[in-house]
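Participant: For reference, the structure I am asking about is given below.
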Protein chains: 2
Amino acid sequence: MESREISQAVIRRLPRYYRYLGELLENGVERISSNDLSKRMQVTASQIRQDLNNFGGFGQQGYGYNVKYLYTEIGKILGLEEEHGMIIIGAGNLGHALANHAGFEKRGFVLKGIFDVNPTLKGMTIRGVPIYMMDELEDFMKNSDIEIGILTIPKAKAIEVANQLVDYGIKAIWNFAHTDLNLPDNVIVENVHLSESLMRLSYNISRYNEEHRAEK
Amino acid sequence: MESREISQAVIRRLPRYYRYLGELLENGVERISSNDLSKRMQVTASQIRQDLNNFGGFGQQGYGYNVKYLYTEIGKILGLEEEHGMIIIGAGNLGHALANHAGFEKRGFVLKGIFDVNPTLKGMTIRGVPIYMMDELEDFMKNSDIEIGILTIPKAKAIEVANQLVDYGIKAIWNFAHTDLNLPDNVIVENVHLSESLMRLSYNISRYNEEHRAEK
């Protein structure tokens, strides 16, 4: 089945299905009805049926979904069956947090190096992964199979480093720097703009307060 | 103007406008046309005009937008004019990264305490903010004005701690734990599920590879 047949809206929801199905698997659940899944995920059962129908007819009346099969199929669509080599640029707190996240490796995301400009970090490791200096980046990229570059550096340097990574053949950038990168179309960028997430939170607080005041 | 008149789609885009307008302000730009803003933000000029028309008629033909006015108005809508007291639960790498992010304070998000269960951290500070033990949380919440709880703890503990925070009167939770919280409707939750972001990235790599193969 080609993933391109599936709408973007469904794709956005897939990681969440994948997470819930993974938890069910861990708990030894072999099948689940759309109604049960609906209660757990707080999504309507009809939404679940529509979404999961994209993956063929293994949701049968009176039987439910085969958890393992569905989990595996969604994993394939999400590209989790292949190994993805990654590097982190920026060995600060956020770089450390991501490097220490063992869960990524379970899904095939293998961290192969961490880069920084701070010479006191040279030769250190995080969870066994070496920290290199930025002037070693070009050679490292030539000799390693790296798909994903993770940027956890300040925005002032992020665009320059992203362009370097593109020159060295990076396929995708997971960008935590507080700036847009504007890279060529063949480089995939996924942004995590934490400040914007916090602003959405405060917007929702303001809106709630306003509605609450209006009710009084 | 009431923010409820503005559509959710516009709201989601506001933090990005706010960021670009802030950068313009820093660079001393007083006004900007929708065409110039369009080039910078890589959004169509008509989208920008539509979005910013929600904030009244200060985009005039031949004049452009008043950068400072627009920045201030959007900041008000986003709730950035008020101070928001915050605590972080979990003084690991991610907790440290967020505590060290001075940019949040500039926007009115004031970190007042960090909580952990590790007794060796007791009495330490991060950027001047004290680390407390979890058994001090209840008293702290009674005596401080805290709106936002930031959860940077493993998912096994996240739901329990979130429910505690709700009992102590928290208004909003910024959740980095890899689980949904299912809290009462009057508690605002903003999730940052990093694994899901990484899966969207790998999905886009797979799709790109597939399309690329198909072209050959």
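Starting from 1 in every chain, residues are counted up; chains themselves are A, B, ... following the order of the structure tokens, and ligands are numbered from 1 as listed.
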Show which residues sit within 8 Å of Val129 in chain B, as a ChimeraX atom specification. Count only C-alpha atoms, and ignore same-chain residues fewer than 2 positions away.
Facilitator: /B:111-114,125-127,131
Participant: Find the residues near Gly149 in chain A: any atom within 8 Å, counting only C-alpha atoms, skip ones fewer than 3 places away on the same chain, and give them as a PyMOL selection string.
Facilitator: chain A and resi 86-89+146+165+170+172-174
Participant: Determine which residues of range 89-173 of chain A DSSP labels as helix (DSSP H, G or I) from the backbone of this structure, then write them out as a PDB file with N, CA, C and O atoms, in the first residue's frame.
Facilitator:
```
ATOM      1  N   ASN A  93      21.746  21.601  27.553  1.00  0.00           N
ATOM      2  CA  ASN A  93      20.754  20.821  28.305  1.00  0.00           C
ATOM      3  C   ASN A  93      19.784  20.096  27.396  1.00  0.00           C
ATOM      4  O   ASN A  93      19.470  18.926  27.602  1.00  0.00           O
ATOM      5  N   LEU A  94      19.302  20.809  26.378  1.00  0.00           N
ATOM      6  CA  LEU A  94      18.324  20.189  25.487  1.00  0.00           C
ATOM      7  C   LEU A  94      18.980  19.066  24.677  1.00  0.00           C
ATOM      8  O   LEU A  94      18.403  17.981  24.521  1.00  0.00           O
ATOM      9  N   GLY A  95      20.192  19.304  24.190  1.00  0.00           N
ATOM     10  CA  GLY A  95      20.939  18.246  23.492  1.00  0.00           C
ATOM     11  C   GLY A  95      21.119  17.032  24.388  1.00  0.00           C
ATOM     12  O   GLY A  95      20.909  15.890  23.955  1.00  0.00           O
ATOM     13  N   HIS A  96      21.479  17.272  25.651  1.00  0.00           N
ATOM     14  CA  HIS A  96      21.620  16.170  26.601  1.00  0.00           C
ATOM     15  C   HIS A  96      20.291  15.432  26.791  1.00  0.00           C
ATOM     16  O   HIS A  96      20.251  14.208  26.820  1.00  0.00           O
ATOM     17  N   ALA A  97      19.224  16.194  26.953  1.00  0.00           N
ATOM     18  CA  ALA A  97      17.910  15.582  27.179  1.00  0.00           C
ATOM     19  C   ALA A  97      17.553  14.649  26.021  1.00  0.00           C
ATOM     20  O   ALA A  97      17.105  13.518  26.215  1.00  0.00           O
ATOM     21  N   LEU A  98      17.778  15.114  24.796  1.00  0.00           N
ATOM     22  CA  LEU A  98      17.424  14.301  23.624  1.00  0.00           C
ATOM     23  C   LEU A  98      18.369  13.105  23.498  1.00  0.00           C
ATOM     24  O   LEU A  98      17.943  11.996  23.164  1.00  0.00           O
ATOM     25  N   ALA A  99      19.665  13.328  23.781  1.00  0.00           N
ATOM     26  CA  ALA A  99      20.639  12.233  23.687  1.00  0.00           C
ATOM     27  C   ALA A  99      20.335  11.143  24.713  1.00  0.00           C
ATOM     28  O   ALA A  99      20.580   9.960  24.471  1.00  0.00           O
ATOM     29  N   ALA A 102      16.303   7.258  25.568  1.00  0.00           N
ATOM     30  CA  ALA A 102      16.539   5.916  25.023  1.00  0.00           C
ATOM     31  C   ALA A 102      15.386   5.461  24.129  1.00  0.00           C
ATOM     32  O   ALA A 102      15.567   4.624  23.249  1.00  0.00           O
ATOM     33  N   GLY A 103      14.197   6.014  24.341  1.00  0.00           N
ATOM     34  CA  GLY A 103      13.033   5.585  23.571  1.00  0.00           C
ATOM     35  C   GLY A 103      13.185   5.782  22.078  1.00  0.00           C
ATOM     36  O   GLY A 103      12.635   5.028  21.279  1.00  0.00           O
ATOM     37  N   PHE A 104      13.938   6.810  21.672  1.00  0.00           N
ATOM     38  CA  PHE A 104      14.089   7.054  20.233  1.00  0.00           C
ATOM     39  C   PHE A 104      14.761   5.860  19.550  1.00  0.00           C
ATOM     40  O   PHE A 104      14.382   5.466  18.459  1.00  0.00           O
ATOM     41  N   GLU A 105      15.783   5.295  20.211  1.00  0.00           N
ATOM     42  CA  GLU A 105      16.550   4.207  19.606  1.00  0.00           C
ATOM     43  C   GLU A 105      15.668   2.973  19.377  1.00  0.00           C
ATOM     44  O   GLU A 105      15.807   2.293  18.366  1.00  0.00           O
ATOM     45  N   LYS A 106      14.761   2.729  20.313  1.00  0.00           N
ATOM     46  CA  LYS A 106      13.824   1.599  20.157  1.00  0.00           C
ATOM     47  C   LYS A 106      13.033   1.699  18.857  1.00  0.00           C
ATOM     48  O   LYS A 106      12.598   0.709  18.303  1.00  0.00           O
ATOM     49  N   PRO A 119      35.299  23.334  23.668  1.00  0.00           N
ATOM     50  CA  PRO A 119      36.405  22.370  23.672  1.00  0.00           C
ATOM     51  C   PRO A 119      36.482  21.522  24.946  1.00  0.00           C
ATOM     52  O   PRO A 119      37.036  20.425  24.907  1.00  0.00           O
ATOM     53  N   THR A 120      35.872  21.985  26.047  1.00  0.00           N
ATOM     54  CA  THR A 120      35.931  21.169  27.270  1.00  0.00           C
ATOM     55  C   THR A 120      35.070  19.902  27.139  1.00  0.00           C
ATOM     56  O   THR A 120      35.216  18.970  27.919  1.00  0.00           O
ATOM     57  N   LEU A 121      34.178  19.877  26.146  1.00  0.00           N
ATOM     58  CA  LEU A 121      33.312  18.702  25.967  1.00  0.00           C
ATOM     59  C   LEU A 121      33.956  17.639  25.075  1.00  0.00           C
ATOM     60  O   LEU A 121      33.495  16.500  25.010  1.00  0.00           O
ATOM     61  N   MET A 134      32.802  20.929  16.183  1.00  0.00           N
ATOM     62  CA  MET A 134      32.150  21.298  14.921  1.00  0.00           C
ATOM     63  C   MET A 134      33.080  21.161  13.714  1.00  0.00           C
ATOM     64  O   MET A 134      32.616  20.886  12.607  1.00  0.00           O
ATOM     65  N   ASP A 135      34.393  21.360  13.923  1.00  0.00           N
ATOM     66  CA  ASP A 135      35.280  21.250  12.751  1.00  0.00           C
ATOM     67  C   ASP A 135      35.481  19.795  12.319  1.00  0.00           C
ATOM     68  O   ASP A 135      36.123  19.535  11.301  1.00  0.00           O
ATOM     69  N   GLU A 136      34.932  18.860  13.062  1.00  0.00           N
ATOM     70  CA  GLU A 136      34.975  17.452  12.648  1.00  0.00           C
ATOM     71  C   GLU A 136      33.712  17.042  11.885  1.00  0.00           C
ATOM     72  O   GLU A 136      33.606  15.907  11.405  1.00  0.00           O
ATOM     73  N   LEU A 137      32.759  17.977  11.782  1.00  0.00           N
ATOM     74  CA  LEU A 137      31.441  17.624  11.230  1.00  0.00           C
ATOM     75  C   LEU A 137      31.515  17.156   9.782  1.00  0.00           C
ATOM     76  O   LEU A 137      30.920  16.140   9.412  1.00  0.00           O
ATOM     77  N   GLU A 138      32.266  17.881   8.965  1.00  0.00           N
ATOM     78  CA  GLU A 138      32.293  17.560   7.537  1.00  0.00           C
ATOM     79  C   GLU A 138      32.807  16.136   7.311  1.00  0.00           C
ATOM     80  O   GLU A 138      32.179  15.349   6.587  1.00  0.00           O
ATOM     81  N   ASP A 139      33.943  15.803   7.925  1.00  0.00           N
ATOM     82  CA  ASP A 139      34.489  14.454   7.769  1.00  0.00           C
ATOM     83  C   ASP A 139      33.529  13.395   8.298  1.00  0.00           C
ATOM     84  O   ASP A 139      33.343  12.347   7.690  1.00  0.00           O
ATOM     85  N   PHE A 140      32.931  13.692   9.456  1.00  0.00           N
ATOM     86  CA  PHE A 140      32.001  12.739  10.063  1.00  0.00           C
ATOM     87  C   PHE A 140      30.844  12.440   9.110  1.00  0.00           C
ATOM     88  O   PHE A 140      30.461  11.290   8.913  1.00  0.00           O
ATOM     89  N   MET A 141      30.301  13.503   8.510  1.00  0.00           N
ATOM     90  CA  MET A 141      29.157  13.323   7.597  1.00  0.00           C
ATOM     91  C   MET A 141      29.558  12.499   6.367  1.00  0.00           C
ATOM     92  O   MET A 141      28.749  11.750   5.836  1.00  0.00           O
ATOM     93  N   LYS A 142      30.808  12.660   5.923  1.00  0.00           N
ATOM     94  CA  LYS A 142      31.271  11.886   4.758  1.00  0.00           C
ATOM     95  C   LYS A 142      31.353  10.399   5.080  1.00  0.00           C
ATOM     96  O   LYS A 142      31.113   9.563   4.222  1.00  0.00           O
ATOM     97  N   ASN A 143      31.714  10.093   6.319  1.00  0.00           N
ATOM     98  CA  ASN A 143      32.032   8.708   6.662  1.00  0.00           C
ATOM     99  C   ASN A 143      30.933   7.986   7.428  1.00  0.00           C
ATOM    100  O   ASN A 143      31.109   6.841   7.827  1.00  0.00           O
ATOM    101  N   LYS A 155      19.402  30.475  17.992  1.00  0.00           N
ATOM    102  CA  LYS A 155      18.953  30.816  16.648  1.00  0.00           C
ATOM    103  C   LYS A 155      20.022  31.565  15.850  1.00  0.00           C
ATOM    104  O   LYS A 155      20.080  31.442  14.627  1.00  0.00           O
ATOM    105  N   ALA A 156      20.897  32.300  16.535  1.00  0.00           N
ATOM    106  CA  ALA A 156      21.914  33.092  15.825  1.00  0.00           C
ATOM    107  C   ALA A 156      22.804  32.205  14.949  1.00  0.00           C
ATOM    108  O   ALA A 156      23.282  32.642  13.903  1.00  0.00           O
ATOM    109  N   LYS A 157      23.035  30.973  15.365  1.00  0.00           N
ATOM    110  CA  LYS A 157      23.916  30.069  14.623  1.00  0.00           C
ATOM    111  C   LYS A 157      23.141  29.047  13.789  1.00  0.00           C
ATOM    112  O   LYS A 157      23.715  28.348  12.942  1.00  0.00           O
ATOM    113  N   ALA A 158      21.836  28.919  14.036  1.00  0.00           N
ATOM    114  CA  ALA A 158      21.088  27.780  13.505  1.00  0.00           C
ATOM    115  C   ALA A 158      21.043  27.761  11.981  1.00  0.00           C
ATOM    116  O   ALA A 158      21.221  26.713  11.351  1.00  0.00           O
ATOM    117  N   ILE A 159      20.815  28.925  11.373  1.00  0.00           N
ATOM    118  CA  ILE A 159      20.653  28.953   9.919  1.00  0.00           C
ATOM    119  C   ILE A 159      21.971  28.590   9.239  1.00  0.00           C
ATOM    120  O   ILE A 159      22.006  27.784   8.295  1.00  0.00           O
ATOM    121  N   GLU A 160      23.078  29.131   9.749  1.00  0.00           N
ATOM    122  CA  GLU A 160      24.396  28.826   9.191  1.00  0.00           C
ATOM    123  C   GLU A 160      24.693  27.316   9.289  1.00  0.00           C
ATOM    124  O   GLU A 160      25.104  26.693   8.304  1.00  0.00           O
ATOM    125  N   VAL A 161      24.453  26.748  10.462  1.00  0.00           N
ATOM    126  CA  VAL A 161      24.746  25.326  10.653  1.00  0.00           C
ATOM    127  C   VAL A 161      23.811  24.459   9.809  1.00  0.00           C
ATOM    128  O   VAL A 161      24.226  23.454   9.228  1.00  0.00           O
ATOM    129  N   ALA A 162      22.538  24.866   9.708  1.00  0.00           N
ATOM    130  CA  ALA A 162      21.601  24.106   8.872  1.00  0.00           C
ATOM    131  C   ALA A 162      22.080  24.086   7.427  1.00  0.00           C
ATOM    132  O   ALA A 162      22.045  23.037   6.766  1.00  0.00           O
ATOM    133  N   ASN A 163      22.563  25.221   6.937  1.00  0.00           N
ATOM    134  CA  ASN A 163      23.059  25.258   5.549  1.00  0.00           C
ATOM    135  C   ASN A 163      24.299  24.379   5.386  1.00  0.00           C
ATOM    136  O   ASN A 163      24.451  23.712   4.357  1.00  0.00           O
ATOM    137  N   GLN A 164      25.161  24.361   6.400  1.00  0.00           N
ATOM    138  CA  GLN A 164      26.316  23.445   6.369  1.00  0.00           C
ATOM    139  C   GLN A 164      25.838  21.995   6.239  1.00  0.00           C
ATOM    140  O   GLN A 164      26.326  21.246   5.405  1.00  0.00           O
ATOM    141  N   LEU A 165      24.884  21.629   7.092  1.00  0.00           N
ATOM    142  CA  LEU A 165      24.374  20.250   7.074  1.00  0.00           C
ATOM    143  C   LEU A 165      23.815  19.896   5.704  1.00  0.00           C
ATOM    144  O   LEU A 165      24.011  18.787   5.204  1.00  0.00           O
ATOM    145  N   VAL A 166      23.117  20.853   5.090  1.00  0.00           N
ATOM    146  CA  VAL A 166      22.559  20.617   3.758  1.00  0.00           C
ATOM    147  C   VAL A 166      23.702  20.381   2.764  1.00  0.00           C
ATOM    148  O   VAL A 166      23.658  19.455   1.951  1.00  0.00           O
ATOM    149  N   ASP A 167      24.748  21.194   2.860  1.00  0.00           N
ATOM    150  CA  ASP A 167      25.915  20.994   1.978  1.00  0.00           C
ATOM    151  C   ASP A 167      26.520  19.605   2.161  1.00  0.00           C
ATOM    152  O   ASP A 167      27.027  19.004   1.219  1.00  0.00           O
TER     153      ASP A 167
END
```
Participant: Counting only C-alpha atoms, which residues from chain B have an atom at most 6 Å from any atom of chain A, and could you show them as a list in words?
Facilitator: Pro15, Leu78, Gly79, Asn93, Leu94, Ala97, Glu190, Glu196, Leu201, Ser202, Tyr203 and Ser206 of chain B
Participant: Any idea what the distance is between CA of Val29 in chain B and CA of Ser46 in chain B?
Facilitator: 21.3 Å
Participant: Would you compute the distance between CA of Val67 in chain B and CA of Asn35 in chain B? Give it in Å to one decimal.
Facilitator: 13.9 Å
Participant: What is the CA of Leu181 in chain B-CA of Ile6 in chain B distance in Å, reported with one decimal?
Facilitator: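 Going from CA of Leu181 in chain B over to CA of Ile6 in chain B covers 27.4 Å.
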